[in-house]
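Have a look at the structure below before the remarks.
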Amino acid sequence: MRWWSVANLVSNTGTWMQLTVQNLLVLQITGSAAATGLSMSVQAGPALFMSLLGGAAVDRWSRRLTAAVSQTLLGAVAFVTAALVALDRLDMTSLLVLAAVTGTIATVDGPACALLGNDLVPAEDVPSAIGIGALVHSAGRLVGTALAGVTVGFLGTAAAYAANGLSFLFVAAVVPFLRPAPGAGPTAGPGTTAAAARTGAGPGTTADPTADTTADTTVRGGLRFFARRPRLVALAGITGISAVFGRNYGLTLAVLVTGPLAGGAGAFGTVSAVLAVGGILGAFLGARLRRPSVRLVGTLAAAGALLQLAAGLSPSIAVLLVLVLPMAVVESVSDTAGTAVLQTDPPPHLRGRVLGAWSGIGTVWSLGGPPALGLLMELAGVRGALVTGGLLIAGTIGAGFLVRARRTPEPVTLPTKPGGEVAGREALSTAA
């Protein structure tokens, strides 16, 4: 797990370095901000249409082999791009094609690497492993963004792409030496029944009666499981409304700081730095989770929404900074808990397809959320958008909790004799 975390830190650093440089490169080639958005959409687009197929591939193939091959292919794409940039042969068309190829490979690479990391630790430590992954992601983002400017300034744009290619090859070189934890992964261990293996139960445990215990290896089987699993549907609803009406702090807080609060780029940079620190602190806290649940995710999301509401009413940047830190912490812990539920709730033979379905849903949120939020800011202003979004998120989650509480059946109390023994035990035993 330590080797895997180091490899992911290197890979995340290279990825964020390339993403930063790519946006600058598109602006250099076209001079258009719209073209920059187009390149990002083209890279994200394959997840909308192919993520289920990618998840199905992960469920059918060896995770180690899949991760090693996908990382190698991503490295090859980065090296090709570096060569084209160095030879001054990269135009917008070829860049969009390479972005689409990268997005297609990522539909397999994403779930393969996520599930491979979980296989390296015992089941009870999976939430901690996911928290470490979130911490590595945040650290890689900070380091990669900072190194992008330095690399381009001293070595040129092609060097940033080449460095990312090397980071992918480093991960691919580490994968063959990884060893799953005993009992981890989709294969059944000694003493585990077939039904328990399919549902992720350990030796000596019974299968979850609500889980899909059919050995369905089709894409439709993954969708069917997702749709019939209330906790996953609830998780999707919580995450979706939070993604659309909150979380886009890079957009909303930028407008709030530079508009009503009359700050400049430096002030927004300070706010962004506090957000990054809060994300790292949240990742540390999330790594200590042992029993994450959808209820915990909803509670944290509602708390973050109320903090967002308060941020929208901030009278000054100083007050905003006080609110931004807990906002980022709560968001990070909520994300870690949600990811842990998503990656551990499905039976092992369906996890790739469930992650694929989730990736497709997340792409819809990421593409549709910012325009919807921008329209809300046009209609209600940035303060109104933050307040309205916070109320919608907290209100929806609260209503969901109330509905669930009303549907929960009351426990049945059996008649007892003096001394606490259940009356009519023999008849009940015969009936059973």
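If you're wondering about the labels, chains in the structure tokens are A, B, ... by order shown, residues count from 1 in each chain, ligands from 1 in order shown.
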Inset, instruction - Pick out the residues sitting within 7 Å of region 323-333 of chain A, and hand them over as a list in words; count only C-alpha atoms, and ignore anything fewer than 3 positions along from it in its own chain. - result: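 The filter keeps Val274, Leu275, Gly278, Gly279, Leu281, Gly282, Ala283, Leu285, Gly286, Leu300, Ala301, Gly304, Leu307, Ala311, Val319, Leu320, Thr336 and Ala337 of chain A.
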Report, in Å to a single decimal, how far apart CA of Arg351 (chain A) and CA of Asn12 (chain A) are.
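A separation of 23.0 Å between them.
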### Query
What separation in Å, quoted to one decimal, exists between CA of Gly133 (chain A) and CA of Arg224 (chain A)?
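For CA of Gly133 (chain A) relative to CA of Arg224 (chain A), the distance reads 28.5 Å.
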request  = Considering only C-alpha atoms, return as a ChimeraX atom specification whatever protein or nucleic-acid residues lie within 12 Å of Val97 (chain A), sequence-local ones (same chain, fewer than 5 positions apart) excluded.
outcome  = /A:38-40,42-43,45-46,77,80-81,90-92,102-104
Using only C-alpha atoms, what table do you get, as CSV, when you list each residue of region 101-195 of chain A with an atom no more than 8 Å from region 60-66 of chain A, its nearest pair of atoms, and their distance in Å rounded to one decimal, rows by chain then rising number?
```
residue,atom,partner,partner_atom,distance
A:Val108,CA,A:Thr66,CA,7.7
A:Asp109,CA,A:Thr66,CA,7.3
A:Ala112,CA,A:Arg63,CA,5.5
A:Cys113,CA,A:Arg63,CA,7.5
A:Leu115,CA,A:Arg63,CA,7.5
A:Leu116,CA,A:Arg63,CA,5.9
A:Val175,CA,A:Arg64,CA,6.2
A:Pro176,CA,A:Arg64,CA,6.9
```
Check which residues of region 336-413 of chain A sit at most 8 Å from region 239-248 of chain A using only C-alpha atoms, and return one row each with the closest pair of atoms and their distance in Å to one decimal, ordered by chain and rising number, as JSON lines.
```
{"residue": "A:Gly362", "atom": "CA", "partner": "A:Gly240", "partner_atom": "CA", "distance": 7.7}
{"residue": "A:Trp365", "atom": "CA", "partner": "A:Ala243", "partner_atom": "CA", "distance": 6.4}
{"residue": "A:Ser366", "atom": "CA", "partner": "A:Ala243", "partner_atom": "CA", "distance": 7.5}
{"residue": "A:Gly368", "atom": "CA", "partner": "A:Val244", "partner_atom": "CA", "distance": 7.5}
{"residue": "A:Gly369", "atom": "CA", "partner": "A:Val244", "partner_atom": "CA", "distance": 4.3}
{"residue": "A:Pro370", "atom": "CA", "partner": "A:Val244", "partner_atom": "CA", "distance": 7.1}
{"residue": "A:Ala372", "atom": "CA", "partner": "A:Val244", "partner_atom": "CA", "distance": 7.1}
{"residue": "A:Leu373", "atom": "CA", "partner": "A:Phe245", "partner_atom": "CA", "distance": 6.3}
{"residue": "A:Ala385", "atom": "CA", "partner": "A:Phe245", "partner_atom": "CA", "distance": 7.9}
{"residue": "A:Leu386", "atom": "CA", "partner": "A:Gly246", "partner_atom": "CA", "distance": 7.4}
{"residue": "A:Gly389", "atom": "CA", "partner": "A:Phe245", "partner_atom": "CA", "distance": 4.6}
{"residue": "A:Gly390", "atom": "CA", "partner": "A:Gly246", "partner_atom": "CA", "distance": 7.0}
{"residue": "A:Leu392", "atom": "CA", "partner": "A:Phe245", "partner_atom": "CA", "distance": 7.6}
{"residue": "A:Ile393", "atom": "CA", "partner": "A:Ser242", "partner_atom": "CA", "distance": 6.1}
```
Between CA of Gly237 (chain A) and CA of Phe225 (chain A) lies a distance of 16.1 Å
May I have the residues within 9 Å of Thr344 (chain A) as a PyMOL selection string, using only C-alpha atoms and disregarding those fewer than 6 positions away in the same chain? chain A and resi 118+123+126-127+200+351
Can you write just those residues out, all heavy atoms, as a PDB file, in the first residue's frame?
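Ended up saving to part.pdb:
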```
ATOM      1  N   ASN A 118      -7.878  -0.867  -3.207  1.00  0.00           N
ATOM      2  CA  ASN A 118      -8.668  -1.447  -2.108  1.00  0.00           C
ATOM      3  C   ASN A 118      -8.255  -2.880  -1.814  1.00  0.00           C
ATOM      4  O   ASN A 118      -8.387  -3.348  -0.679  1.00  0.00           O
ATOM      5  CB  ASN A 118     -10.156  -1.403  -2.450  1.00  0.00           C
ATOM      6  CG  ASN A 118     -10.687   0.016  -2.533  1.00  0.00           C
ATOM      7  OD1 ASN A 118     -10.019   0.958  -2.130  1.00  0.00           O
ATOM      8  ND2 ASN A 118     -11.876   0.175  -3.067  1.00  0.00           N
ATOM      9  N   ALA A 123     -10.460  -5.670   4.477  1.00  0.00           N
ATOM     10  CA  ALA A 123     -11.729  -4.994   4.218  1.00  0.00           C
ATOM     11  C   ALA A 123     -12.005  -3.880   5.219  1.00  0.00           C
ATOM     12  O   ALA A 123     -12.517  -2.816   4.855  1.00  0.00           O
ATOM     13  CB  ALA A 123     -12.867  -6.016   4.242  1.00  0.00           C
ATOM     14  N   VAL A 126     -10.391  -0.477   4.248  1.00  0.00           N
ATOM     15  CA  VAL A 126     -10.662   0.151   2.952  1.00  0.00           C
ATOM     16  C   VAL A 126     -10.990   1.639   3.092  1.00  0.00           C
ATOM     17  O   VAL A 126     -10.495   2.465   2.320  1.00  0.00           O
ATOM     18  CB  VAL A 126     -11.788  -0.603   2.205  1.00  0.00           C
ATOM     19  CG1 VAL A 126     -12.294   0.203   1.016  1.00  0.00           C
ATOM     20  CG2 VAL A 126     -11.261  -1.958   1.714  1.00  0.00           C
ATOM     21  N   PRO A 127     -11.851   2.061   4.065  1.00  0.00           N
ATOM     22  CA  PRO A 127     -12.085   3.509   4.202  1.00  0.00           C
ATOM     23  C   PRO A 127     -10.806   4.301   4.444  1.00  0.00           C
ATOM     24  O   PRO A 127     -10.638   5.401   3.916  1.00  0.00           O
ATOM     25  CB  PRO A 127     -13.038   3.593   5.406  1.00  0.00           C
ATOM     26  CG  PRO A 127     -13.749   2.285   5.423  1.00  0.00           C
ATOM     27  CD  PRO A 127     -12.716   1.286   4.986  1.00  0.00           C
ATOM     28  N   GLY A 200     -19.462 -10.245  -1.155  1.00  0.00           N
ATOM     29  CA  GLY A 200     -18.383  -9.597  -0.429  1.00  0.00           C
ATOM     30  C   GLY A 200     -18.306  -9.977   1.025  1.00  0.00           C
ATOM     31  O   GLY A 200     -17.584  -9.371   1.795  1.00  0.00           O
ATOM     32  N   ARG A 351     -18.342  -4.584  -8.808  1.00  0.00           N
ATOM     33  CA  ARG A 351     -17.825  -3.270  -8.413  1.00  0.00           C
ATOM     34  C   ARG A 351     -17.316  -2.452  -9.592  1.00  0.00           C
ATOM     35  O   ARG A 351     -17.454  -1.230  -9.609  1.00  0.00           O
ATOM     36  CB  ARG A 351     -16.727  -3.449  -7.356  1.00  0.00           C
ATOM     37  CG  ARG A 351     -17.305  -3.816  -6.006  1.00  0.00           C
ATOM     38  CD  ARG A 351     -16.262  -4.129  -4.961  1.00  0.00           C
ATOM     39  NE  ARG A 351     -16.906  -4.581  -3.728  1.00  0.00           N
ATOM     40  CZ  ARG A 351     -16.287  -5.158  -2.730  1.00  0.00           C
ATOM     41  NH1 ARG A 351     -14.983  -5.373  -2.809  1.00  0.00           N
ATOM     42  NH2 ARG A 351     -16.951  -5.538  -1.649  1.00  0.00           N
TER      43      ARG A 351
END
```
Requested in this report: Give me every alpha helix (DSSP H) residue in region 275-306 of chain A, going by DSSP on the backbone, as JSON, numbers by chain.
Outcome: {"A": [275, 276, 277, 278, 279, 280, 281, 282, 283, 284, 285, 286, 294, 295, 296, 297, 298, 299, 300, 301, 302, 303, 304, 305, 306]}
Using only C-alpha atoms, the residue out of A:Ala227, A:Ala254, A:Leu309, A:Leu235 with shortest distance to Gly266 (chain A) is A:Ala254
Using only C-alpha atoms, the best pick from A:Ala181, A:Leu24, A:Ile397, A:Leu342 as closest to Pro122 (chain A) would be A:Ala181
- request: For Phe268 (chain A), work out the shell of residues within 8 Å, counting only C-alpha atoms and skipping chain neighbours fewer than 3 positions away, then give it as a ChimeraX atom specification.
  value: /A:253-254,257-258,263-265,271-272
task: Go through A:Val174, A:Val294, A:Ala163, A:Leu256 one by one, measure the shortest atom-to-atom distance of each to Leu147 (chain A) using only C-alpha atoms, and give the residue with the smallest value.
output: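 That would be A:Ala163, the residue with the smallest distance to Leu147 (chain A).
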